[in-house]
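Q: Quick one, run.tsv (TSV, C-alpha atoms):
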chain	number	residue	atom	x	y	z
A	1	MET	CA	-5.30	7.19	16.23
A	2	THR	CA	-5.06	10.94	15.95
A	3	ASP	CA	-1.79	10.94	14.01
A	4	GLN	CA	-2.54	10.53	10.30
A	5	SER	CA	0.80	8.89	9.60
A	6	THR	CA	0.61	6.12	12.21
A	7	PRO	CA	-1.48	3.20	11.01
A	8	ILE	CA	-2.94	0.65	13.42
A	9	GLN	CA	-1.93	-2.90	12.47
A	10	THR	CA	-3.32	-6.32	13.27
A	11	GLN	CA	-1.94	-9.62	12.07
A	12	THR	CA	-4.24	-12.13	10.38
A	13	GLU	CA	-3.40	-15.57	9.04
A	14	GLN	CA	-3.18	-14.23	5.49
A	15	ALA	CA	-1.85	-10.72	5.81
A	16	THR	CA	-1.21	-7.64	7.87
A	17	ILE	CA	-4.30	-5.47	8.17
A	18	SER	CA	-3.76	-1.80	8.96
A	19	TYR	CA	-5.87	1.36	9.00
A	20	ARG	CA	-5.14	4.95	8.10
A	21	ARG	CA	-7.00	8.14	7.31
A	22	ALA	CA	-7.68	8.89	3.69
A	23	VAL	CA	-6.15	11.94	2.04
A	24	LYS	CA	-7.22	13.80	-1.10
A	25	GLN	CA	-4.85	11.73	-3.23
A	26	ASP	CA	-6.93	8.65	-2.31
A	27	ALA	CA	-10.23	10.16	-3.52
A	28	ALA	CA	-10.37	8.70	-7.03
A	29	TYR	CA	-9.43	5.23	-5.79
A	30	ILE	CA	-12.00	5.41	-2.98
A	31	ALA	CA	-14.74	6.41	-5.42
A	32	GLN	CA	-13.82	3.58	-7.78
A	33	MET	CA	-13.74	1.06	-4.93
A	34	VAL	CA	-17.09	2.16	-3.48
A	35	ASN	CA	-18.76	2.07	-6.87
A	36	SER	CA	-17.33	-1.36	-7.69
A	37	ALA	CA	-18.48	-2.74	-4.32
A	38	TYR	CA	-22.06	-1.48	-4.56
A	39	ARG	CA	-23.00	-1.01	-8.21
A	40	GLY	CA	-22.60	-2.86	-11.49
A	41	ASP	CA	-21.42	-6.36	-12.30
A	42	SER	CA	-18.17	-6.07	-10.34
A	43	SER	CA	-20.20	-5.75	-7.14
A	44	ARG	CA	-21.87	-9.12	-7.70
A	45	SER	CA	-18.74	-10.99	-6.54
A	46	GLY	CA	-19.49	-9.77	-3.01
A	47	TRP	CA	-22.64	-9.83	-0.95
A	48	THR	CA	-22.95	-6.05	-0.40
A	49	THR	CA	-24.10	-5.37	-3.97
A	50	GLU	CA	-26.94	-2.96	-4.69
A	51	ALA	CA	-26.85	-3.87	-8.39
A	52	ASP	CA	-30.38	-5.30	-8.35
A	53	LEU	CA	-31.72	-2.15	-6.71
A	54	LEU	CA	-29.79	0.75	-8.21
A	55	THR	CA	-27.68	1.68	-11.22
A	56	GLY	CA	-25.32	4.55	-11.84
A	57	THR	CA	-22.48	5.95	-9.81
A	58	ARG	CA	-22.79	5.93	-6.03
A	59	ILE	CA	-20.06	8.52	-5.41
A	60	ASP	CA	-17.42	10.37	-7.41
A	61	ALA	CA	-13.95	11.64	-6.49
A	62	GLU	CA	-15.18	15.21	-5.96
A	63	GLU	CA	-17.80	14.02	-3.46
A	64	VAL	CA	-15.12	12.01	-1.66
A	65	CYS	CA	-12.95	15.15	-1.45
A	66	ASN	CA	-15.90	17.06	0.00
A	67	LEU	CA	-16.25	14.42	2.73
A	68	LEU	CA	-12.52	14.62	3.45
A	69	GLU	CA	-12.66	18.41	3.77
A	70	ALA	CA	-15.80	18.55	5.94
A	71	ASP	CA	-15.54	19.33	9.64
A	72	HIS	CA	-15.81	16.32	11.96
A	73	SER	CA	-15.59	13.94	9.00
A	74	VAL	CA	-13.06	11.17	8.39
A	75	ILE	CA	-12.69	8.44	5.81
A	76	LEU	CA	-10.84	5.56	7.38
A	77	LEU	CA	-9.07	3.16	5.04
A	78	CYS	CA	-8.45	-0.53	5.59
A	79	LEU	CA	-5.23	-1.84	4.07
A	80	GLN	CA	-4.02	-5.37	3.52
A	81	ASN	CA	-0.26	-5.54	3.06
A	82	GLU	CA	-0.31	-1.77	2.38
A	83	GLN	CA	-2.97	-2.05	-0.39
A	84	ILE	CA	-6.31	-0.27	0.17
A	85	ILE	CA	-9.05	-2.89	0.44
A	86	GLY	CA	-11.78	-0.97	2.28
A	87	CYS	CA	-13.10	2.36	3.44
A	88	VAL	CA	-15.67	3.81	5.80
A	89	HIS	CA	-16.92	7.36	6.18
A	90	LEU	CA	-17.32	8.55	9.77
A	91	GLU	CA	-18.93	11.84	10.76
A	92	LYS	CA	-19.55	13.32	14.20
A	93	THR	CA	-23.23	14.19	14.69
A	94	LEU	CA	-24.07	15.82	18.03
A	95	ASP	CA	-23.32	13.10	20.62
A	96	ALA	CA	-22.92	10.24	18.12
A	97	ALA	CA	-21.05	9.27	14.98
A	98	TYR	CA	-22.54	8.37	11.62
A	99	LEU	CA	-21.07	5.38	9.78
A	100	GLY	CA	-21.52	5.30	6.01
A	101	MET	CA	-19.93	4.13	2.79
A	102	PHE	CA	-18.65	0.99	4.55
A	103	VAL	CA	-16.80	-1.10	1.97
A	104	VAL	CA	-14.55	-4.13	1.84
A	105	LYS	CA	-13.57	-5.13	-1.69
A	106	PRO	CA	-16.10	-7.72	-2.92
A	107	GLY	CA	-13.59	-10.55	-3.45
A	108	LEU	CA	-12.41	-10.20	0.16
A	109	GLN	CA	-15.83	-10.13	1.80
A	110	GLY	CA	-16.88	-12.90	4.14
A	111	GLY	CA	-13.44	-13.47	5.68
A	112	GLY	CA	-13.74	-11.39	8.84
A	113	ILE	CA	-12.04	-8.23	7.57
A	114	GLY	CA	-15.26	-6.21	7.82
A	115	LYS	CA	-15.77	-7.20	11.44
A	116	GLN	CA	-12.24	-6.05	12.36
A	117	PHE	CA	-12.59	-2.90	10.27
A	118	MET	CA	-15.90	-1.93	11.89
A	119	GLN	CA	-14.32	-2.36	15.34
A	120	ALA	CA	-11.44	-0.08	14.29
A	121	ALA	CA	-13.98	2.55	13.16
A	122	GLU	CA	-15.87	2.31	16.45
A	123	ASP	CA	-12.62	2.61	18.40
A	124	LEU	CA	-11.59	5.68	16.41
A	125	VAL	CA	-14.82	7.63	17.00
A	126	GLN	CA	-14.74	6.84	20.71
A	127	ALA	CA	-11.10	7.92	21.05
A	128	GLU	CA	-11.33	11.03	18.86
A	129	TRP	CA	-14.81	12.36	19.51
A	130	GLY	CA	-15.74	10.71	22.80
A	131	VAL	CA	-19.06	9.54	21.37
A	132	LYS	CA	-20.97	6.67	22.92
A	133	LYS	CA	-23.19	5.80	19.95
A	134	MET	CA	-22.70	4.96	16.25
A	135	TRP	CA	-25.58	5.08	13.78
A	136	MET	CA	-26.17	4.37	10.10
A	137	THR	CA	-28.89	4.03	7.51
A	138	VAL	CA	-29.46	0.87	5.47
A	139	ILE	CA	-31.82	0.25	2.54
A	140	SER	CA	-34.81	-1.47	4.16
A	141	VAL	CA	-34.94	-4.36	1.65
A	142	ARG	CA	-31.29	-5.28	2.34
A	143	LYS	CA	-32.21	-7.93	4.91
A	144	GLU	CA	-28.83	-9.70	4.74
A	145	LEU	CA	-27.01	-6.42	5.35
A	146	ILE	CA	-29.31	-5.51	8.25
A	147	ALA	CA	-28.65	-8.98	9.73
A	148	TYR	CA	-24.87	-8.44	9.35
A	149	TYR	CA	-25.05	-5.17	11.29
A	150	GLU	CA	-27.29	-6.77	13.92
A	151	ARG	CA	-24.59	-9.42	14.46
A	152	ARG	CA	-22.19	-6.52	15.07
A	153	GLY	CA	-24.50	-5.13	17.80
A	154	TYR	CA	-26.49	-2.58	15.78
A	155	GLN	CA	-30.27	-2.46	16.19
A	156	GLN	CA	-33.02	-0.78	14.22
A	157	ASN	CA	-34.27	2.21	16.21
A	158	GLY	CA	-37.66	2.50	14.49
A	159	LYS	CA	-36.74	5.50	12.34
A	160	VAL	CA	-37.47	5.10	8.63
A	161	LYS	CA	-36.39	7.71	6.10
A	162	PRO	CA	-37.16	8.16	2.42
A	163	PHE	CA	-34.44	7.11	0.00
A	164	PRO	CA	-32.13	10.08	-0.76
A	165	ALA	CA	-33.75	12.39	-3.28
A	166	GLU	CA	-30.39	13.11	-4.96
A	167	VAL	CA	-30.51	9.60	-6.50
A	168	PRO	CA	-32.54	10.14	-9.69
A	169	ASP	CA	-35.54	7.90	-10.40
A	170	GLU	CA	-33.86	6.55	-13.55
A	171	PHE	CA	-31.16	4.98	-11.34
A	172	ARG	CA	-33.73	3.18	-9.18
A	173	LEU	CA	-34.48	-0.34	-10.38
A	174	VAL	CA	-36.81	-0.79	-7.40
A	175	LYS	CA	-39.24	2.00	-6.62
A	176	ASP	CA	-40.27	3.21	-3.17
A	177	LEU	CA	-36.98	2.34	-1.47
A	178	GLN	CA	-36.64	3.44	2.15
A	179	MET	CA	-33.78	3.69	4.62
A	180	VAL	CA	-33.94	2.23	8.11
A	181	GLU	CA	-31.80	3.74	10.82
A	182	MET	CA	-29.67	1.45	12.97
A	183	GLU	CA	-27.61	2.33	16.02
A	184	LYS	CA	-25.23	0.81	18.52
A	185	VAL	CA	-24.25	1.95	21.97
A	186	LEU	CA	-20.47	1.81	22.04
A	187	GLY	CA	-18.73	0.18	24.99
Here is a file; write its structure as structure tokens.

A:
Amino acid sequence: MTDQSTPIQTQTEQATISYRRAVKQDAAYIAQMVNSAYRGDSSRSGWTTEADLLTGTRIDAEEVCNLLEADHSVILLCLQNEQIIGCVHLEKTLDAAYLGMFVVKPGLQGGGIGKQFMQAAEDLVQAEWGVKKMWMTVISVRKELIAYYERRGYQQNGKVKPFPAEVPDEFRLVKDLQMVEMEKVLG
């Protein structure tokens, strides 16, 4: 999927799911979608919410643009009938790829879209960058999220990192949060 204009499509019972790379014009929508999936009351309709752990904005449009402009960085979008319903940030790191900001709109979670979307992301990094491993960080107290990634083949690798310092203490509803690193060898 190296051509930005050629989406990959799969047919589901409900709709056509396709994927494409994000462009700068998508930045504001991506930021709004990520924030609504992780923070605030809107996130509570899905199971990926961080609303009981953190407040505030997770990302803004300028930060999304920075990710889009960075070398070896892609935001892949998931579309249902041409409407953006998910995103994931992928970044090449040495011999692996980092997966972050993985979102499916809260009202659509639990229906298998995330599983398909994650596979598309893994396929893209293998095809484009030739990497054999994907890794991510997850808030250590997010047991249901860790279990979801484990069902997708990711395993904790024993590395624990402090929660990002750029998130101010006043946004932390739970103190002493940590990030666990998870990885998957790609087939």

Q: Applying 12 Å and all atoms listed in the file, which residues near stretch 118-128 of chain A remain after dropping the ones on its own chain fewer than 4 positions away? List them as number ranges by chain.

A: A: 1-4, 7-10, 17-21, 72-78, 86-93, 95-104, 112-114, 132-135, 148-149, 151-154, 183-187

Q: Looking at all atoms listed in the file, which of A:Asp52, A:Ala37, A:Ala31, A:Asp26 is the one that sits closest to A:Phe171?

A: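 Among the listed residues, the smallest separation from A:Phe171 belongs to A:Asp52.
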
Q: Fewer than 2 positions away in the same chain doesn't count, so skip those; otherwise give me all residues within 10 Å of stretch 164-168 of chain A, counting all atoms listed in the file, as a PyMOL selection string.

A: chain A and resi 54-58+161-162+170-172+177-179

Q: Could you tell me how far atom CA of A:Thr16 sits from atom CA of A:Ser36, in Å to one decimal place?

A: 23.3 Å

Q: State, in Å with one decimal place, the distance from atom CA of A:Lys175 to atom CA of A:Glu50.

A: 13.4 Å

Q: I need the residue nearest A:Val131 from this list: A:Leu94, A:Ala28, A:Pro106, A:Asp169. Use all atoms listed in the file for the distance.

A: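 Of all the options, A:Leu94 lies closest to A:Val131.
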
Q: Can you work out which one of A:Leu53, A:Met136, A:Val180, A:Cys65 has the shortest atom-to-atom distance to A:Lys24, counting only C-alpha atoms?

A: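 That would be A:Cys65, the residue with the smallest distance to A:Lys24.
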